[in-house]
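Okay, so here's the structure we're looking at.
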Amino acid sequence: MNTCQCCSGENDAIGQKESSSFCPQCHTEGVSVSTTTVEHLVMDLFRQEVTASQYRICMDPDCDVVYFGPHPKDLFTKDQIKVPIWFKREASPKYACYCSKVTEEEVMQAVAKLGTTSLKEIIEATGAMQNSHCIEQNPLGVCCHKILEEAIEKAN
Ligand SMILES: [Zn+2]
């Protein structure tokens with residue numbers, strides 16, 4: 001018998017990847033996040049449950065699910081995450097910069113006080129973006145830059 005072992009099962013894995021990109025609860029498509037981000041943001045109690053190789057974040061403000069992986073058990077909800085997720089309903093405080101713990105409210109106050117919407121001036125006034133630990137501290141694992149810009153726009 002001469003069976004090729006290296007090719008078996010590969011097609012199955014690809015099929016699974018497709019179906020797992022949607023939130024198991026609200027069925028909206030999730031955004032890919034690094035496993036490093038998930039490991040840092042779940043409460044210590046749940047860290048050992050971060051076993052999937054790939055995670056996505058659910059962007060629906062009304063859905064309690066934050067991170068989900070390929071299997072239904074790979075699921076973390078709002079109450080299992082260390083920080084409030086700024087785009088989820090009732091998040092408090094709403095951070096605009098997770099690395100330096102600057103809130104959306106602080107950004108909006110700075111915009112009002114300084115009468116500027118210059119990102120550079122707002123960053124200086126609030127002390128945002130002082131540390132670059134976005135991949136570990138921002139729930140999306142991306143730079144806080146974009147959330148800051150959104151907060152400035154909102155203040156206008
Ligand atoms: Zn969801």
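Going by the structure tokens order, chains are called A, B, ..., each with residues numbered from 1, while ligands are numbered from 1 in the order shown.
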Contact residues around Val50 of chain A with only C-alpha atoms at 10 Å, ignoring same-chain residues under 4 positions, as a list of chain:residue names:
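The neighbour list is A:Thr35, A:Thr36, A:Val38, A:Glu39, A:His40, A:Val42, A:Phe46, A:Gln54, A:Tyr55, A:Tyr67, A:Phe68, A:Gly69, A:Asp74, A:Leu75, A:Phe76.
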Selection: 12 Å around segment 148-155 of chain A, only C-alpha atoms, excl. self and same-chain fewer than 5 positions, as number ranges by chain:
A: 86-87, 94-123, 126-129, 143
Quick one: residues within 12 Å of ligand 1, with only C-alpha atoms and all ligand atoms, as a list of chain:residue names?
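My answer, listing the contacting residues, is A:Ser21, A:Phe22, A:Cys23, A:Pro24, A:Gln25, A:Cys26, A:His27, A:Thr28, A:Glu29, A:Gly30, A:Val31, A:Arg56, A:Ile57, A:Cys58, A:Met59, A:Asp60, A:Pro61, A:Asp62, A:Cys63, A:Asp64, A:Val65, A:Val66, A:Tyr67, A:Phe68, A:Leu75, A:Phe76, A:Thr77, A:Lys78, A:Lys88.
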Can you list every residue in segment 97-142 of chain A that DSSP puts in alpha helix (DSSP H), as a ChimeraX atom specification?
/A:104-114,119-126,134-137
Counting only C-alpha atoms, which residue out of A:Asn138, A:Gln130, A:Asn156, A:Gln48 sits closest to Ile85 of chain A?
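With only C-alpha atoms as the atom set, the closest residue is A:Asn138.
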Residue list (strand (DSSP E or B), DSSP) for segment 84-140 of chain A, as a count of residues only
5
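Remark: for Leu45 of chain A, the closest of the candidate residues A:Ile81, A:Arg89, A:Pro72, A:Leu140 is A:Ile81 (distances computed over only C-alpha atoms).
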